[in-house]
>>> print(open('structure.cif').read())   # mmCIF, N, CA and C atoms and all ligand atoms
data_input
loop_
_atom_site.label_atom_id
_atom_site.label_comp_id
_atom_site.auth_asym_id
_atom_site.auth_seq_id
_atom_site.Cartn_x
_atom_site.Cartn_y
_atom_site.Cartn_z
N MET A 214 1.98 -5.22 -15.43
CA MET A 214 2.90 -5.36 -14.29
C MET A 214 2.98 -4.04 -13.51
N PRO A 215 3.10 -4.13 -12.20
CA PRO A 215 3.27 -2.89 -11.43
C PRO A 215 4.56 -2.20 -11.85
N ARG A 216 4.53 -0.88 -11.83
CA ARG A 216 5.68 -0.16 -12.36
C ARG A 216 6.66 0.30 -11.29
N ALA A 217 6.16 0.71 -10.14
CA ALA A 217 7.04 1.45 -9.23
C ALA A 217 7.14 0.81 -7.85
N LEU A 218 6.90 -0.48 -7.76
CA LEU A 218 6.79 -1.11 -6.44
C LEU A 218 8.02 -0.95 -5.55
N PRO A 219 9.24 -1.21 -6.04
CA PRO A 219 10.37 -1.20 -5.10
C PRO A 219 10.60 0.14 -4.42
N ALA A 220 10.17 1.23 -5.07
CA ALA A 220 10.43 2.54 -4.48
C ALA A 220 9.32 2.99 -3.53
N ALA A 221 8.27 2.18 -3.37
CA ALA A 221 7.10 2.66 -2.66
C ALA A 221 7.15 2.35 -1.18
N PRO A 222 7.17 3.38 -0.32
CA PRO A 222 7.20 3.12 1.11
C PRO A 222 6.00 2.32 1.58
N GLY A 223 4.82 2.64 1.08
CA GLY A 223 3.62 1.92 1.50
C GLY A 223 3.64 0.49 1.02
N GLY A 224 4.08 0.31 -0.21
CA GLY A 224 4.17 -1.05 -0.75
C GLY A 224 5.09 -1.88 0.10
N MET A 225 6.16 -1.26 0.56
CA MET A 225 7.08 -2.00 1.42
C MET A 225 6.42 -2.29 2.75
N ALA A 226 5.65 -1.35 3.24
CA ALA A 226 5.00 -1.56 4.54
C ALA A 226 4.04 -2.74 4.48
N ILE A 227 3.25 -2.81 3.42
CA ILE A 227 2.28 -3.90 3.41
C ILE A 227 2.89 -5.21 2.94
N SER A 228 4.09 -5.19 2.36
CA SER A 228 4.65 -6.45 1.89
C SER A 228 5.40 -7.17 3.01
N ARG A 229 5.47 -6.56 4.18
CA ARG A 229 6.07 -7.27 5.31
C ARG A 229 5.08 -8.27 5.88
N PRO A 230 5.59 -9.30 6.56
CA PRO A 230 4.67 -10.29 7.11
C PRO A 230 3.67 -9.66 8.09
N ALA A 231 2.53 -10.30 8.22
CA ALA A 231 1.54 -9.94 9.24
C ALA A 231 0.94 -8.56 9.06
N GLU A 232 0.90 -8.06 7.82
CA GLU A 232 0.33 -6.73 7.61
C GLU A 232 -1.18 -6.77 7.36
N ALA A 233 -1.70 -7.89 6.91
CA ALA A 233 -3.14 -7.95 6.64
C ALA A 233 -3.89 -7.69 7.93
N GLY A 234 -4.88 -6.82 7.87
CA GLY A 234 -5.64 -6.50 9.06
C GLY A 234 -5.06 -5.33 9.83
N ARG A 235 -3.95 -4.78 9.35
CA ARG A 235 -3.34 -3.64 10.04
C ARG A 235 -4.04 -2.35 9.63
N ARG A 236 -4.17 -1.45 10.57
CA ARG A 236 -4.77 -0.15 10.27
C ARG A 236 -3.85 0.70 9.43
N ALA A 237 -4.43 1.47 8.51
CA ALA A 237 -3.63 2.37 7.66
C ALA A 237 -2.88 3.37 8.54
N GLY A 238 -1.67 3.69 8.13
CA GLY A 238 -0.91 4.73 8.82
C GLY A 238 -0.41 4.33 10.19
N SER A 239 -0.15 3.06 10.40
CA SER A 239 0.18 2.63 11.76
C SER A 239 1.56 1.99 11.92
N VAL A 240 2.42 2.07 10.89
CA VAL A 240 3.77 1.54 11.08
C VAL A 240 4.59 2.55 11.87
N PRO A 241 5.09 2.17 13.06
CA PRO A 241 5.82 3.13 13.89
C PRO A 241 7.02 3.71 13.15
N GLY A 242 7.22 5.00 13.30
CA GLY A 242 8.40 5.63 12.74
C GLY A 242 8.23 6.14 11.33
N PHE A 243 7.13 5.79 10.62
CA PHE A 243 6.95 6.30 9.26
C PHE A 243 6.18 7.61 9.32
N ALA A 244 6.67 8.62 8.60
CA ALA A 244 6.05 9.96 8.66
C ALA A 244 4.84 10.04 7.74
N TYR A 245 3.72 9.52 8.20
CA TYR A 245 2.50 9.54 7.42
C TYR A 245 1.90 10.94 7.36
N SER A 246 1.06 11.14 6.35
CA SER A 246 0.25 12.36 6.31
C SER A 246 -0.83 12.26 7.39
N ALA A 247 -1.37 13.44 7.76
CA ALA A 247 -2.49 13.44 8.72
C ALA A 247 -3.66 12.67 8.12
N ALA A 248 -3.85 12.81 6.81
CA ALA A 248 -4.98 12.14 6.14
C ALA A 248 -4.89 10.62 6.29
N MET A 249 -3.69 10.09 6.11
CA MET A 249 -3.52 8.63 6.23
C MET A 249 -3.74 8.19 7.68
N LYS A 250 -3.19 8.96 8.61
CA LYS A 250 -3.32 8.59 10.03
C LYS A 250 -4.77 8.63 10.49
N LYS A 251 -5.52 9.61 9.95
CA LYS A 251 -6.91 9.78 10.39
C LYS A 251 -7.87 8.81 9.71
N SER A 252 -7.42 8.20 8.60
CA SER A 252 -8.34 7.33 7.86
C SER A 252 -8.65 6.10 8.73
N SER A 253 -9.83 5.57 8.56
CA SER A 253 -10.18 4.42 9.40
C SER A 253 -10.03 3.12 8.62
N ILE A 254 -9.23 3.17 7.56
CA ILE A 254 -9.06 1.99 6.71
C ILE A 254 -8.25 0.91 7.42
N VAL A 255 -8.69 -0.33 7.26
CA VAL A 255 -7.91 -1.50 7.67
C VAL A 255 -7.53 -2.22 6.39
N TRP A 256 -6.24 -2.53 6.22
CA TRP A 256 -5.79 -3.10 4.95
C TRP A 256 -6.18 -4.55 4.80
N ASN A 257 -6.85 -4.83 3.70
CA ASN A 257 -7.10 -6.19 3.26
C ASN A 257 -7.18 -6.12 1.73
N LYS A 258 -7.44 -7.25 1.08
CA LYS A 258 -7.44 -7.25 -0.38
C LYS A 258 -8.41 -6.23 -0.96
N ARG A 259 -9.57 -6.11 -0.35
CA ARG A 259 -10.60 -5.24 -0.91
C ARG A 259 -10.25 -3.76 -0.73
N THR A 260 -9.79 -3.40 0.49
CA THR A 260 -9.47 -1.99 0.72
C THR A 260 -8.23 -1.59 -0.08
N LEU A 261 -7.29 -2.52 -0.20
CA LEU A 261 -6.09 -2.23 -0.98
C LEU A 261 -6.44 -2.03 -2.45
N ASP A 262 -7.35 -2.85 -2.94
CA ASP A 262 -7.77 -2.74 -4.34
C ASP A 262 -8.40 -1.37 -4.60
N ARG A 263 -9.26 -0.94 -3.69
CA ARG A 263 -9.91 0.37 -3.87
C ARG A 263 -8.88 1.49 -3.81
N PHE A 264 -7.99 1.41 -2.82
CA PHE A 264 -6.98 2.45 -2.63
C PHE A 264 -6.07 2.55 -3.86
N LEU A 265 -5.61 1.40 -4.36
CA LEU A 265 -4.66 1.41 -5.48
C LEU A 265 -5.32 1.87 -6.78
N ALA A 266 -6.63 1.76 -6.88
CA ALA A 266 -7.32 2.25 -8.07
C ALA A 266 -7.18 3.77 -8.15
N SER A 267 -7.22 4.44 -7.01
CA SER A 267 -7.13 5.90 -6.99
C SER A 267 -6.82 6.38 -5.58
N PRO A 268 -5.54 6.37 -5.21
CA PRO A 268 -5.18 6.70 -3.82
C PRO A 268 -5.78 8.02 -3.33
N LEU A 269 -5.74 9.05 -4.16
CA LEU A 269 -6.20 10.37 -3.71
C LEU A 269 -7.72 10.45 -3.59
N ALA A 270 -8.42 9.61 -4.32
CA ALA A 270 -9.88 9.61 -4.22
C ALA A 270 -10.30 8.90 -2.93
N VAL A 271 -9.56 7.86 -2.54
CA VAL A 271 -9.94 7.08 -1.35
C VAL A 271 -9.48 7.77 -0.07
N ILE A 272 -8.28 8.36 -0.10
CA ILE A 272 -7.78 9.11 1.06
C ILE A 272 -7.35 10.50 0.57
N PRO A 273 -8.32 11.42 0.48
CA PRO A 273 -7.97 12.77 0.03
C PRO A 273 -6.90 13.36 0.95
N GLY A 274 -5.85 13.92 0.35
CA GLY A 274 -4.78 14.51 1.16
C GLY A 274 -3.66 13.53 1.45
N THR A 275 -3.74 12.29 0.96
CA THR A 275 -2.64 11.36 1.20
C THR A 275 -1.37 11.86 0.53
N ALA A 276 -0.25 11.53 1.15
CA ALA A 276 1.05 11.90 0.58
C ALA A 276 1.48 10.92 -0.50
N MET A 277 0.67 9.92 -0.76
CA MET A 277 1.01 8.97 -1.82
C MET A 277 0.62 9.56 -3.16
N GLY A 278 1.52 10.40 -3.68
CA GLY A 278 1.26 11.11 -4.92
C GLY A 278 1.40 10.21 -6.12
N TYR A 279 0.43 9.37 -6.29
CA TYR A 279 0.48 8.32 -7.31
C TYR A 279 -0.90 8.23 -7.92
N ALA A 280 -0.97 8.25 -9.25
CA ALA A 280 -2.28 8.32 -9.90
C ALA A 280 -3.12 7.07 -9.70
N GLY A 281 -2.47 5.95 -9.44
CA GLY A 281 -3.21 4.71 -9.25
C GLY A 281 -3.13 3.82 -10.47
N ILE A 282 -3.75 2.67 -10.37
CA ILE A 282 -3.72 1.66 -11.42
C ILE A 282 -5.16 1.43 -11.86
N ALA A 283 -5.48 1.87 -13.07
CA ALA A 283 -6.88 1.81 -13.52
C ALA A 283 -7.34 0.39 -13.83
N ASP A 284 -6.45 -0.44 -14.32
CA ASP A 284 -6.83 -1.77 -14.80
C ASP A 284 -7.03 -2.75 -13.63
N PRO A 285 -8.24 -3.24 -13.43
CA PRO A 285 -8.51 -4.14 -12.30
C PRO A 285 -7.63 -5.38 -12.31
N ARG A 286 -7.29 -5.86 -13.51
CA ARG A 286 -6.47 -7.07 -13.56
C ARG A 286 -5.04 -6.78 -13.13
N GLU A 287 -4.56 -5.61 -13.49
CA GLU A 287 -3.22 -5.21 -13.05
C GLU A 287 -3.18 -5.08 -11.53
N ARG A 288 -4.25 -4.53 -10.94
CA ARG A 288 -4.30 -4.40 -9.48
C ARG A 288 -4.34 -5.78 -8.84
N ALA A 289 -5.13 -6.68 -9.41
CA ALA A 289 -5.23 -8.03 -8.85
C ALA A 289 -3.87 -8.72 -8.90
N ASP A 290 -3.15 -8.54 -10.01
CA ASP A 290 -1.81 -9.14 -10.12
C ASP A 290 -0.88 -8.59 -9.05
N LEU A 291 -0.94 -7.28 -8.84
CA LEU A 291 -0.07 -6.65 -7.85
C LEU A 291 -0.40 -7.15 -6.44
N ILE A 292 -1.68 -7.24 -6.14
CA ILE A 292 -2.09 -7.68 -4.80
C ILE A 292 -1.68 -9.13 -4.58
N GLU A 293 -1.79 -9.94 -5.63
CA GLU A 293 -1.36 -11.33 -5.51
C GLU A 293 0.15 -11.40 -5.28
N TYR A 294 0.86 -10.56 -5.99
CA TYR A 294 2.32 -10.52 -5.81
C TYR A 294 2.68 -10.16 -4.37
N LEU A 295 2.00 -9.14 -3.83
CA LEU A 295 2.28 -8.73 -2.45
C LEU A 295 1.95 -9.84 -1.47
N GLU A 296 0.86 -10.55 -1.75
CA GLU A 296 0.47 -11.64 -0.87
C GLU A 296 1.52 -12.76 -0.90
N ARG A 297 2.01 -13.07 -2.08
CA ARG A 297 3.05 -14.11 -2.16
C ARG A 297 4.31 -13.67 -1.45
N ALA A 298 4.65 -12.40 -1.59
CA ALA A 298 5.85 -11.89 -0.91
C ALA A 298 5.68 -12.05 0.60
N ASN A 299 4.44 -11.89 1.08
CA ASN A 299 4.17 -12.07 2.51
C ASN A 299 4.46 -13.48 2.97
N HIS A 300 4.27 -14.45 2.08
CA HIS A 300 4.40 -15.84 2.49
C HIS A 300 5.72 -16.46 2.09
N SER A 301 6.63 -15.66 1.56
CA SER A 301 7.94 -16.22 1.24
C SER A 301 8.84 -16.08 2.46
N PRO A 302 9.83 -16.96 2.58
CA PRO A 302 10.68 -16.90 3.77
C PRO A 302 11.48 -15.60 3.81
N PRO A 303 11.81 -15.11 5.00
CA PRO A 303 12.60 -13.89 5.09
C PRO A 303 14.01 -14.11 4.52
N CYS A 304 14.67 -13.05 4.11
CA CYS A 304 16.04 -13.16 3.61
C CYS A 304 16.95 -13.64 4.73
N ALA A 305 17.84 -14.56 4.42
CA ALA A 305 18.80 -15.01 5.43
C ALA A 305 20.06 -14.15 5.33
N GLY A 306 20.83 -14.09 6.40
CA GLY A 306 22.14 -13.45 6.31
C GLY A 306 22.24 -12.14 7.02
C1 LIG B 401 1.93 0.54 -6.92
C2 LIG B 401 2.53 0.15 -5.84
C3 LIG B 401 2.18 0.76 -4.50
C4 LIG B 401 1.55 0.13 -3.49
C5 LIG B 401 1.09 -1.32 -3.43
C6 LIG B 401 1.42 1.10 -2.42
C7 LIG B 401 0.75 0.86 -1.23
C8 LIG B 401 0.65 1.77 -0.21
C9 LIG B 401 -0.09 1.56 1.01
C10 LIG B 401 -0.92 0.31 1.35
C11 LIG B 401 0.09 2.64 1.79
C12 LIG B 401 -0.45 2.84 3.21
C13 LIG B 401 0.65 2.33 4.11
C14 LIG B 401 0.29 2.18 5.55
O1 LIG B 401 -0.88 2.29 5.97
O2 LIG B 401 1.23 1.90 6.31
C15 LIG B 401 0.95 3.57 1.08
C16 LIG B 401 1.38 4.78 1.55
C17 LIG B 401 2.27 5.60 0.89
N1 LIG B 401 2.78 5.43 -0.37
FE1 LIG B 401 2.28 3.91 -1.64
N2 LIG B 401 1.98 2.29 -2.80
C18 LIG B 401 2.46 2.13 -4.07
C19 LIG B 401 3.07 3.09 -4.85
C20 LIG B 401 3.60 4.27 -4.35
C21 LIG B 401 4.41 5.21 -5.12
C22 LIG B 401 4.79 5.04 -6.59
C23 LIG B 401 4.76 6.20 -4.26
C24 LIG B 401 5.60 7.42 -4.50
C25 LIG B 401 5.32 8.22 -5.53
C26 LIG B 401 4.16 5.91 -2.98
C27 LIG B 401 4.27 6.69 -1.85
C28 LIG B 401 3.61 6.48 -0.67
C29 LIG B 401 3.64 7.41 0.47
C30 LIG B 401 4.44 8.71 0.58
C31 LIG B 401 2.80 6.84 1.44
C32 LIG B 401 2.40 7.48 2.78
C33 LIG B 401 1.11 8.22 2.44
C34 LIG B 401 0.53 9.09 3.54
O3 LIG B 401 1.05 9.12 4.66
O4 LIG B 401 -0.47 9.76 3.23
N3 LIG B 401 3.47 4.75 -3.08
N4 LIG B 401 1.26 3.02 -0.14
#
>>> encode(input="structure.cif", output="structure tokens")
Amino acid sequence: MPRALPAAPGGMAISRPAEAGRRAGSVPGFAYSAAMKKSSIVWNKRTLDRFLASPLAVIPGTAMGYAGIADPRERADLIEYLERANHSPPCAG
């Protein structure tokens, strides 16, 4: 199971609707690192899987100081969870 999801700014960014296909570092108002802003990554299942395996290896200099998730099955579970969160109705109230 993912360990630190609720506290993750990036995790929150991609778990909002309509994030698939969005360029990395492009949510207005979030103070990204220069490395994230300059990266040419577009988020999809494959790029997210690579990034989550080792954030600093994929985007050297990223402010996401997180070692990553080595287990491919754990990453797949997390990505599936994020995808389901994308398709659940927004909170009412
Ligand atoms: C394991 C669950 C996590 C997921 C799925 C996740 C996902 C992401 C993604 C996709 C981005 C890029 C966001 C964008 O382009 O808008 C990002 C950025 C970021 N994440 Fe995470 N993240 C996770 C865990 C964490 C943790 C544990 C931390 C804090 C220690 C963290 C801190 C950050 C920061 C500070 C950024 C901005 C990085 C930069 O500007 O270089 N994330 N995350």
>>> atom_distance(input="structure.cif", atom1="atom C of A:Lys250", atom2="atom N of A:Ala237")
7.4 Å
>>> closest_residue(input="structure.cif", among="A:Arg236, A:Glu293, A:Ala283, A:Gly278", to="A:Ser253", atoms="only N, CA and C atoms")
A:Arg236
>>> closest_residue(input="structure.cif", among="A:Ala266, A:Ala305, A:Val255, A:Met249", to="A:Pro285", atoms="only N, CA and C atoms")
A:Ala266
>>> atom_distance(input="structure.cif", atom1="atom CA of A:Ala248", atom2="atom CA of A:Asn299")
26.1 Å
>>> closest_residue(input="structure.cif", among="A:Leu295, A:Cys304, A:Ala276, A:Ile254", to="ligand LIG 401 (chain B)", atoms="all atoms listed in the file")
A:Ala276
>>> atom_distance(input="structure.cif", atom1="atom C of A:Met277", atom2="atom N3 of ligand LIG 401 (chain B)")
5.6 Å
>>> closest_residue(input="structure.cif", among="A:Gly242, A:Pro268, A:Gly274, A:Gly234", to="ligand LIG 401 (chain B)", atoms="only N, CA and C atoms and all ligand atoms")
A:Gly274
